[in-house]
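Shown below: start.txt, with compact mmCIF, C-alpha atoms.
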```
# COMPACT_ATOMS: atom_id res chain seq x y z
CA MET A 937 2.06 25.95 -57.26
CA LYS A 938 5.29 24.18 -56.38
CA ALA A 939 5.86 20.59 -57.37
CA VAL A 940 5.36 18.32 -54.37
CA GLU A 941 8.19 15.90 -53.79
CA SER A 942 7.93 13.05 -51.32
CA VAL A 943 10.15 13.37 -48.26
CA LYS A 944 12.04 10.12 -47.63
CA THR A 945 13.41 10.95 -44.20
CA CYS A 946 12.74 13.32 -41.33
CA GLN A 947 16.43 14.23 -41.13
CA ASP A 948 17.15 17.62 -42.67
CA THR A 949 13.42 18.39 -42.44
CA LEU A 950 11.81 21.32 -40.62
CA LEU A 951 8.10 20.85 -39.96
CA VAL A 952 6.16 23.97 -38.95
CA SER A 953 2.51 23.78 -37.91
CA ASP A 954 -0.17 26.28 -37.08
CA LEU A 955 -2.02 25.52 -33.83
CA ASP A 956 -5.73 26.41 -33.85
CA GLY A 957 -7.63 24.54 -36.53
CA THR A 958 -4.50 22.61 -37.56
CA LEU A 959 -2.59 20.82 -34.80
CA LEU A 960 -5.15 21.36 -32.04
CA ASN A 961 -8.54 19.67 -32.04
CA GLN A 962 -11.85 21.39 -31.23
CA ARG A 963 -11.13 21.03 -27.51
CA LYS A 964 -7.86 22.94 -28.05
CA LYS A 965 -5.83 19.83 -27.25
CA ILE A 966 -3.09 17.91 -29.04
CA SER A 967 -4.48 14.47 -29.84
CA ALA A 968 -2.60 11.36 -28.74
CA ALA A 969 -2.01 10.48 -32.41
CA ASN A 970 -0.54 13.89 -33.22
CA LYS A 971 1.65 13.87 -30.11
CA ALA A 972 3.02 10.40 -30.82
CA ALA A 973 3.78 11.31 -34.42
CA ILE A 974 5.56 14.54 -33.52
CA LEU A 975 7.66 12.89 -30.81
CA SER A 976 8.64 10.16 -33.28
CA PHE A 977 9.48 12.78 -35.91
CA ILE A 978 11.75 14.63 -33.46
CA LYS A 979 13.33 11.39 -32.20
CA ASN A 980 14.25 10.50 -35.75
CA GLY A 981 16.08 13.77 -36.35
CA GLY A 982 13.35 16.12 -37.54
CA LEU A 983 12.88 19.70 -36.35
CA PHE A 984 9.37 20.67 -35.25
CA THR A 985 7.90 23.99 -34.14
CA PHE A 986 4.77 26.16 -34.18
CA ALA A 987 3.79 29.21 -36.22
CA THR A 988 0.84 30.76 -34.42
CA GLY A 989 -0.85 34.00 -33.50
CA ARG A 990 -0.71 33.07 -29.82
CA ILE A 991 1.59 34.53 -27.15
CA GLU A 992 4.28 32.86 -25.03
CA GLN A 993 1.95 32.10 -22.11
CA SER A 994 -0.62 30.51 -24.40
CA VAL A 995 1.75 28.06 -26.13
CA ALA A 996 3.71 27.03 -23.03
CA PRO A 997 1.61 23.90 -22.27
CA PHE A 998 2.03 22.60 -25.82
CA VAL A 999 5.78 23.28 -25.79
CA GLU A 1000 6.06 21.24 -22.60
CA GLN A 1001 3.96 18.36 -23.94
CA LEU A 1002 6.13 18.01 -27.03
CA GLY A 1003 9.49 18.99 -25.55
CA ILE A 1004 10.08 21.58 -28.24
CA ASN A 1005 13.58 23.03 -27.93
CA ILE A 1006 13.83 25.22 -31.03
CA PRO A 1007 12.38 28.72 -31.45
CA LEU A 1008 8.68 29.35 -32.00
CA ILE A 1009 7.00 31.73 -34.43
CA LEU A 1010 4.46 33.69 -32.37
CA TYR A 1011 2.13 36.70 -32.83
CA ASN A 1012 1.55 35.64 -36.46
CA GLY A 1013 5.21 36.23 -37.26
CA ALA A 1014 5.85 39.41 -35.27
CA LYS A 1015 7.97 37.52 -32.75
CA ILE A 1016 10.35 34.55 -32.70
CA TYR A 1017 10.80 33.22 -29.18
CA CYS A 1018 13.13 30.60 -27.71
CA PRO A 1019 11.26 28.42 -25.18
CA VAL A 1020 14.52 27.12 -23.71
CA THR A 1021 16.26 30.40 -22.89
CA LYS A 1022 12.97 32.35 -22.60
CA ASN A 1023 14.48 35.00 -24.86
CA VAL A 1024 12.91 36.94 -27.70
CA LEU A 1025 15.12 36.40 -30.75
CA TYR A 1026 13.23 38.59 -33.20
CA GLU A 1027 10.40 41.08 -32.84
CA LYS A 1028 8.63 43.69 -34.94
CA GLN A 1029 6.33 46.32 -33.48
CA LEU A 1030 3.49 48.46 -34.77
CA LYS A 1031 4.28 52.08 -35.45
CA ILE A 1032 1.02 53.69 -34.43
CA ASP A 1033 0.31 57.19 -33.11
CA LYS A 1034 -1.77 57.96 -30.05
CA PHE A 1035 -4.75 59.19 -32.12
CA ALA A 1036 -5.00 55.96 -34.11
CA PHE A 1037 -4.50 53.86 -30.99
CA GLU A 1038 -7.33 55.62 -29.17
CA ALA A 1039 -9.55 55.31 -32.24
CA ILE A 1040 -8.98 51.56 -32.32
CA CYS A 1041 -9.63 51.22 -28.58
CA SER A 1042 -12.93 53.06 -29.09
CA LEU A 1043 -14.09 50.13 -31.24
CA HIS A 1044 -14.33 47.99 -28.09
CA LYS A 1045 -18.10 47.72 -27.75
CA GLU A 1046 -20.76 45.03 -27.58
CA GLU A 1047 -20.21 43.80 -31.14
CA THR A 1048 -16.43 44.27 -31.36
CA SER A 1049 -13.70 43.51 -28.85
CA VAL A 1050 -10.13 44.84 -28.97
CA PHE A 1051 -7.06 42.95 -27.75
CA ILE A 1052 -3.69 44.72 -27.55
CA TYR A 1053 -0.56 42.53 -27.51
CA TYR A 1054 2.10 44.45 -25.60
CA ARG A 1055 5.29 43.23 -23.92
CA SER A 1056 4.17 39.58 -23.73
CA ASN A 1057 0.78 40.47 -22.25
CA ILE A 1058 -2.68 41.05 -23.69
CA TYR A 1059 -4.60 44.16 -22.71
CA THR A 1060 -8.24 44.97 -23.40
CA PRO A 1061 -10.13 48.25 -22.79
CA LEU A 1062 -12.98 46.59 -20.93
CA ARG A 1063 -13.93 43.07 -19.87
CA ASN A 1064 -16.93 41.51 -21.59
CA ARG A 1065 -18.15 38.04 -22.55
CA THR A 1066 -15.96 37.95 -25.68
CA VAL A 1067 -12.89 38.60 -23.54
CA GLU A 1068 -13.84 35.74 -21.21
CA ILE A 1069 -14.32 33.35 -24.14
CA TYR A 1070 -10.98 34.44 -25.63
CA GLU A 1071 -9.18 33.85 -22.34
CA GLU A 1072 -10.63 30.35 -22.02
CA LYS A 1073 -9.88 29.49 -25.65
CA ASP A 1074 -6.23 30.64 -25.61
CA GLY A 1075 -5.46 29.88 -21.97
CA VAL A 1076 -4.48 33.46 -21.18
CA GLU A 1077 -5.45 36.20 -18.77
CA CYS A 1078 -6.14 39.60 -20.32
CA LYS A 1079 -5.17 42.69 -18.38
CA ASP A 1080 -7.60 45.59 -17.98
CA LEU A 1081 -6.40 48.64 -19.88
CA GLY A 1082 -9.04 50.78 -18.22
CA GLY A 1083 -8.98 54.55 -18.48
CA SER A 1084 -7.00 57.28 -16.78
CA TYR A 1085 -9.63 57.20 -14.02
CA HIS A 1086 -9.23 53.47 -13.47
CA PRO A 1087 -7.10 52.29 -10.49
CA ASP A 1088 -5.35 49.70 -12.67
CA PHE A 1089 -4.83 52.06 -15.60
CA VAL A 1090 -1.78 51.21 -17.70
CA GLU A 1091 -0.54 53.78 -20.19
CA LEU A 1092 0.90 51.80 -23.07
CA ASP A 1093 3.56 53.04 -25.41
CA ALA A 1094 1.52 53.00 -28.60
CA SER A 1095 4.68 52.78 -30.70
CA ALA A 1096 5.77 49.53 -29.00
CA ILE A 1097 2.69 47.36 -29.53
CA THR A 1098 3.39 44.00 -31.14
CA LYS A 1099 -0.06 43.50 -32.66
CA ILE A 1100 -3.77 44.20 -32.17
CA VAL A 1101 -6.60 41.71 -32.63
CA ILE A 1102 -10.20 42.75 -33.17
CA ILE A 1103 -12.92 40.15 -32.77
CA GLY A 1104 -16.28 40.93 -34.32
CA SER A 1105 -19.64 39.42 -33.47
CA ASP A 1106 -19.83 38.24 -37.07
CA GLU A 1107 -17.96 38.49 -40.37
CA GLU A 1108 -19.98 41.50 -41.55
CA LYS A 1109 -19.14 43.48 -38.44
CA VAL A 1110 -15.43 42.75 -38.65
CA LYS A 1111 -15.43 43.77 -42.34
CA GLU A 1112 -16.79 47.15 -41.25
CA VAL A 1113 -13.96 47.40 -38.75
CA GLU A 1114 -11.44 46.55 -41.48
CA GLN A 1115 -12.61 49.51 -43.55
CA PHE A 1116 -12.35 51.77 -40.50
CA ILE A 1117 -8.76 50.63 -39.88
CA VAL A 1118 -7.83 51.20 -43.52
CA GLY A 1119 -9.18 54.74 -43.17
CA LEU A 1120 -6.77 55.43 -40.31
CA GLU A 1121 -3.86 54.99 -42.76
CA ILE A 1122 -1.71 53.13 -40.26
CA LYS A 1123 1.51 51.61 -41.54
CA CYS A 1124 0.48 48.01 -40.96
CA ASP A 1125 -0.69 44.76 -42.53
CA LEU A 1126 -4.16 43.32 -41.95
CA VAL A 1127 -4.86 39.60 -41.93
CA TYR A 1128 -7.69 37.29 -40.88
CA SER A 1129 -6.73 34.47 -38.50
CA GLU A 1130 -10.37 33.35 -38.21
CA ALA A 1131 -13.49 34.45 -40.04
CA ASN A 1132 -14.26 37.11 -37.41
CA TYR A 1133 -10.68 37.74 -36.17
CA LEU A 1134 -8.96 40.72 -37.78
CA GLU A 1135 -5.29 41.14 -36.88
CA ILE A 1136 -3.34 44.40 -37.18
CA LEU A 1137 0.33 43.49 -37.67
CA PRO A 1138 3.48 45.55 -38.18
CA LYS A 1139 4.16 46.27 -41.83
CA GLY A 1140 5.89 43.37 -43.57
CA VAL A 1141 5.18 40.90 -40.77
CA SER A 1142 3.89 37.45 -41.62
CA LYS A 1143 4.43 33.83 -40.67
CA GLY A 1144 6.22 33.31 -43.97
CA GLU A 1145 8.76 36.07 -43.36
CA ALA A 1146 9.31 34.78 -39.84
CA LEU A 1147 9.96 31.31 -41.25
CA MET A 1148 12.78 32.72 -43.39
CA HIS A 1149 14.31 34.39 -40.31
CA LEU A 1150 13.94 31.18 -38.32
CA LYS A 1151 15.77 29.10 -40.91
CA LYS A 1152 18.68 31.53 -40.85
CA MET A 1153 18.78 31.47 -37.05
CA LEU A 1154 18.86 27.68 -37.04
CA GLN A 1155 21.29 27.63 -39.97
CA VAL A 1156 19.06 25.16 -41.79
CA GLU A 1157 18.52 26.97 -45.08
CA ALA A 1158 19.18 23.68 -46.90
CA TYR A 1159 16.52 21.78 -44.94
CA LYS A 1160 13.30 20.67 -46.57
CA THR A 1161 10.55 22.80 -45.00
CA ILE A 1162 7.00 21.54 -44.61
CA ALA A 1163 4.29 23.90 -43.33
CA LEU A 1164 0.68 23.23 -42.32
CA GLY A 1165 -2.14 25.69 -41.76
CA ASP A 1166 -5.85 26.36 -41.94
CA HIS A 1167 -6.57 30.08 -42.45
CA LEU A 1168 -5.55 33.14 -44.41
CA ASN A 1169 -2.85 34.12 -41.91
CA ASP A 1170 -1.07 30.93 -43.03
CA VAL A 1171 -0.89 31.87 -46.72
CA THR A 1172 2.67 33.26 -46.59
CA LEU A 1173 3.80 30.36 -44.40
CA LEU A 1174 2.70 27.80 -46.98
CA LYS A 1175 4.12 29.82 -49.85
CA LYS A 1176 7.56 30.18 -48.27
CA ALA A 1177 7.78 26.49 -47.31
CA ASP A 1178 9.09 23.90 -49.75
CA ILE A 1179 5.83 22.01 -49.26
CA GLY A 1180 2.76 23.95 -48.12
CA ILE A 1181 -0.12 21.84 -46.84
CA ALA A 1182 -3.66 22.94 -45.98
CA VAL A 1183 -5.87 20.89 -43.70
CA ASP A 1184 -9.20 19.77 -45.14
CA ASN A 1185 -11.09 22.25 -42.95
CA ALA A 1186 -8.96 25.15 -44.23
CA HIS A 1187 -10.27 28.38 -45.73
CA PRO A 1188 -10.75 27.99 -49.52
CA GLY A 1189 -8.23 30.75 -50.09
CA LEU A 1190 -5.54 28.78 -48.30
CA LYS A 1191 -6.37 25.58 -50.15
CA HIS A 1192 -5.92 27.51 -53.38
CA VAL A 1193 -2.28 28.37 -52.62
CA ALA A 1194 -1.39 25.07 -50.90
CA ASP A 1195 0.67 22.44 -52.69
CA THR A 1196 -1.60 19.75 -51.32
CA VAL A 1197 -4.48 19.22 -48.89
CA THR A 1198 -4.41 16.72 -46.03
CA VAL A 1199 -7.16 15.44 -43.75
CA HIS A 1200 -9.37 17.48 -41.40
CA HIS A 1201 -7.64 18.69 -38.23
CA GLU A 1202 -9.98 16.47 -36.19
CA GLN A 1203 -8.50 13.49 -38.05
CA HIS A 1204 -4.98 14.12 -36.70
CA ALA A 1205 -3.72 16.10 -39.69
CA VAL A 1206 -0.17 16.57 -38.42
CA ALA A 1207 0.18 12.83 -37.83
CA ALA A 1208 -1.17 12.24 -41.32
CA VAL A 1209 1.56 14.40 -42.80
CA ILE A 1210 4.29 12.87 -40.66
CA SER A 1211 3.13 9.40 -41.76
CA LYS A 1212 4.51 10.27 -45.17
CA VAL A 1213 7.92 10.78 -43.58
CA LEU A 1214 8.05 8.09 -40.92
CA LYS A 1215 6.70 4.77 -42.07
CA GLU A 1216 6.21 3.50 -38.51
CA VAL A 1217 3.50 6.11 -37.99
CA ARG A 1218 0.22 4.60 -39.20
CA PRO A 1219 -0.86 6.37 -42.42
CA LEU A 1220 -4.01 8.44 -41.98
CA PHE A 1221 -4.55 9.71 -45.53
```

Any chance you could give the structure as structure tokens?
Amino acid sequence: MKAVESVKTCQDTLLVSDLDGTLLNQRKKISAANKAAILSFIKNGGLFTFATGRIEQSVAPFVEQLGINIPLILYNGAKIYCPVTKNVLYEKQLKIDKFAFEAICSLHKEETSVFIYYRSNIYTPLRNRTVEIYEEKDGVECKDLGGSYHPDFVELDASAITKIVIIGSDEEKVKEVEQFIVGLEIKCDLVYSEANYLEILPKGVSKGEALMHLKKMLQVEAYKTIALGDHLNDVTLLKKADIGIAVDNAHPGLKHVADTVTVHHEQHAVAAVISKVLKEVRPLF
């Protein structure tokens, strides 16, 4: 574990936060306290951005609320996207053959749902209740992959998929899916973004690696980097940051690698961290 040093100023500081379970509350909103703290942080010279598994469409409302004008880490590190120019600055894609792709799509049943992230859209083999819940939660609209017989059938290039998410009805079911994916011997990395969310990412992709690319793009390698997260997909992010912070509601595995633990995300965790940097933000620790 790295030694935690106090940050005296927001200048020369890059603050990177996960969204779900970290910055966002249970209603998937940015609290007034978090928003005020972030705007103050930026006003006083700090750099702020997200590192999330979400896509461009899903994060757009939050980018607008906060006026973020530096690149975002999306797709759990598979893509770095500039919200100002609307350009993709960095992207890694899965290298998956047609057989493995079809095998994964076949998992889309009552107890497991498959989501394919492809060219800034999300496709799913068949609509079900899980898909509807996912759309509402992330503020996205999933496209119907269908089959060759379907009028809206879209034949995806299986070698150009950014990532695949599989949502299980429970943790036990998604663990079974994990073993199935391992058996396919795909060149990929597997990570959990929630207890029942298994993500299939391009090999070597992570939020932490994306953070290193982002710092080079911004030419801020000398900046103090603070990262916040709540689940296992944030492990590399916290490890690569100068100060890695887990929220109180974080997965025990993330707390174990974090340099420190802040308050629960429902208690305005990002504002609590920023209060250590900007004294005018009321301390929440």

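Between A:Ile1006 and the residues A:Ser1129, A:Thr1172, A:Ser1042, A:Thr1021, the shortest atom-to-atom distance, using all atoms listed in the file, involves A:Thr1021.
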
Can you write out as JSON lines which residues of stretch 982-1068 of chain A fall within 6 Å of stretch 953-972 of chain A, alongside each residue's closest atom pair and its distance in Å to one decimal, counting only C-alpha atoms and ordering rows by chain and ascending residue number?
```
{"residue": "A:Phe986", "atom": "CA", "partner": "A:Ser953", "partner_atom": "CA", "distance": 5.0}
{"residue": "A:Ala987", "atom": "CA", "partner": "A:Asp954", "partner_atom": "CA", "distance": 5.0}
{"residue": "A:Thr988", "atom": "CA", "partner": "A:Asp954", "partner_atom": "CA", "distance": 5.3}
```

- Message: If we count only C-alpha atoms and set the cut-off at 10 Å, which residues sit around A:Glu1027, ignoring sequence neighbours fewer than 4 positions away in its own chain? Please answer as a PyMOL selection string.
- Response: chain A and resi 1010-1011+1013-1017+1098+1138+1141+1146

With C-alpha atoms retained, write the just-selected residues as a PDB file, in the coordinates of the input.
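Below you can see out.pdb, which holds the result:
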```pdb
ATOM      1  CA  LEU A1010       4.460  33.690 -32.370  1.00  0.00           C
ATOM      2  CA  TYR A1011       2.130  36.700 -32.830  1.00  0.00           C
ATOM      3  CA  GLY A1013       5.210  36.230 -37.260  1.00  0.00           C
ATOM      4  CA  ALA A1014       5.850  39.410 -35.270  1.00  0.00           C
ATOM      5  CA  LYS A1015       7.970  37.520 -32.750  1.00  0.00           C
ATOM      6  CA  ILE A1016      10.350  34.550 -32.700  1.00  0.00           C
ATOM      7  CA  TYR A1017      10.800  33.220 -29.180  1.00  0.00           C
ATOM      8  CA  THR A1098       3.390  44.000 -31.140  1.00  0.00           C
ATOM      9  CA  PRO A1138       3.480  45.550 -38.180  1.00  0.00           C
ATOM     10  CA  VAL A1141       5.180  40.900 -40.770  1.00  0.00           C
ATOM     11  CA  ALA A1146       9.310  34.780 -39.840  1.00  0.00           C
TER      12      ALA A1146
END
```

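Here atom CA of A:Ile974 stands at a distance of 28.3 Å from atom CA of A:Ala1131.
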
- Message: My list of candidates is A:Leu951, A:Ile978, A:Ile991, A:Ala973. Which is closest to A:Ala1207 when distances are computed with only C-alpha atoms?
- Response: A:Ala973

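Neighbouring residues of A:Val1127 at 8 Å or closer, counting all atoms listed in the file and skipping chain neighbours under 2 positions away, are Asp1125, Ser1129, Leu1134, Glu1135, Ile1136, Leu1137, Leu1168 and Asn1169 of chain A.
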
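Counting from atom CA of A:Glu1068, the distance to atom CA of A:Ile1103 is 12.4 Å.
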
- Identify the residues within 8 Å of coordinate (-2.4, 24.2, -52.9) (same frame as the file), considering only C-alpha atoms, and give the answer as a ChimeraX atom specification. /A:937,1180-1182,1190-1197

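Remark: for A:Leu983, the closest of the candidate residues A:Val1118, A:Ala1205, A:Ala1186, A:Ala1163 is A:Ala1163 (distances computed over only C-alpha atoms).
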
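Here the question is which of A:Leu1002, A:Leu1008, A:Ile1097, A:Leu975 gets nearest to A:Leu1147 using all atoms listed in the file, and that residue is A:Leu1008.
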
- Item | Option closest in space to A:Ile1122, from A:Val1024, A:Ala1177, A:Thr985, A:Ala1039 [counting only C-alpha atoms] | A:Ala1039

Using all atoms listed in the file, find each residue in stretch 953-1040 of chain A having at least one atom no more than 8 Å away from stretch 1049-1056 of chain A; report its shortest atom-to-atom pair and that distance in Å (one decimal), rows by chain then rising number, as CSV.
```
residue,atom,partner,partner_atom,distance
A:Ile991,CA,A:Ser1056,CA,6.6
A:Glu992,CA,A:Ser1056,CA,6.8
A:Gln993,CA,A:Ser1056,CA,8.0
A:Ile1040,CA,A:Val1050,CA,7.6
```

Show which residues sit within 8 Å of A:Asn980, as a tab-separated table (two decimals) with C-alpha atoms, keeping the file's coordinate frame. Count all atoms listed in the file, and ignore same-chain residues fewer than 2 positions away.
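The resulting file, selection-v6.tsv, is reproduced below:
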```tsv
chain	number	residue	atom	x	y	z
A	946	CYS	CA	12.74	13.32	-41.33
A	947	GLN	CA	16.43	14.23	-41.13
A	976	SER	CA	8.64	10.16	-33.28
A	977	PHE	CA	9.48	12.78	-35.91
A	978	ILE	CA	11.75	14.63	-33.46
A	982	GLY	CA	13.35	16.12	-37.54
```

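Here atom CA of A:Gly1144 and atom CA of A:Lys1079 stand 29.5 Å from one another.
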
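Using all atoms listed in the file, the nearest neighbour of A:Val1183 within the list A:Ala1208, A:Ile1004, A:Leu1025, A:Leu950 is A:Ala1208.
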
- Message: With all atoms listed in the file as the counted atoms, please give the residues lying no more than 8 Å from A:Cys1078, apart from itself and same-chain residues fewer than 3 positions off, as a PyMOL selection string.
- Response: chain A and resi 1057-1060+1067+1071

Please return the centre and edge lengths, in Å to one decimal, of a box with edges along x, y and z that contains all listed atoms of stretch 1133-1152 of chain A, widened by 4 Å on every side, as lines of an AutoDock Vina configuration file.
```
center_x = 4.0
center_y = 37.7
center_z = -40.1
size_x = 37.4
size_y = 25.2
size_z = 15.8
```

Please, could N, CA and C atoms be added to stretch 1165-1179 of chain A and the result written as a compact mmCIF listing (two decimals), in the frame of the given file?
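Saved the output as selection39.txt:
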```
# COMPACT_ATOMS: atom_id res chain seq x y z
N GLY A 1165 -1.29 24.63 -42.29
CA GLY A 1165 -2.14 25.69 -41.76
C GLY A 1165 -3.59 25.53 -42.16
N ASP A 1166 -4.42 26.48 -41.67
CA ASP A 1166 -5.85 26.36 -41.94
C ASP A 1166 -6.53 27.66 -42.35
N HIS A 1167 -5.86 28.83 -42.14
CA HIS A 1167 -6.57 30.08 -42.45
C HIS A 1167 -5.68 31.04 -43.22
N LEU A 1168 -6.23 32.21 -43.53
CA LEU A 1168 -5.55 33.14 -44.41
C LEU A 1168 -4.25 33.70 -43.82
N ASN A 1169 -4.11 33.69 -42.51
CA ASN A 1169 -2.85 34.12 -41.91
C ASN A 1169 -1.73 33.11 -42.13
N ASP A 1170 -2.07 31.96 -42.72
CA ASP A 1170 -1.07 30.93 -43.03
C ASP A 1170 -0.64 30.94 -44.50
N VAL A 1171 -1.20 31.85 -45.29
CA VAL A 1171 -0.89 31.87 -46.72
C VAL A 1171 0.60 32.03 -46.97
N THR A 1172 1.23 33.03 -46.35
CA THR A 1172 2.67 33.26 -46.59
C THR A 1172 3.51 32.12 -46.06
N LEU A 1173 3.07 31.50 -44.98
CA LEU A 1173 3.80 30.36 -44.40
C LEU A 1173 3.87 29.22 -45.41
N LEU A 1174 2.74 28.89 -46.01
CA LEU A 1174 2.70 27.80 -46.98
C LEU A 1174 3.46 28.14 -48.25
N LYS A 1175 3.42 29.42 -48.64
CA LYS A 1175 4.12 29.82 -49.85
C LYS A 1175 5.64 29.78 -49.68
N LYS A 1176 6.11 30.15 -48.51
CA LYS A 1176 7.56 30.18 -48.27
C LYS A 1176 8.14 28.79 -48.02
N ALA A 1177 7.31 27.85 -47.57
CA ALA A 1177 7.78 26.49 -47.31
C ALA A 1177 8.04 25.76 -48.62
N ASP A 1178 8.87 24.73 -48.56
CA ASP A 1178 9.09 23.90 -49.75
C ASP A 1178 7.82 23.13 -50.10
N ILE A 1179 7.11 22.69 -49.06
CA ILE A 1179 5.83 22.01 -49.26
C ILE A 1179 4.82 22.67 -48.33
```
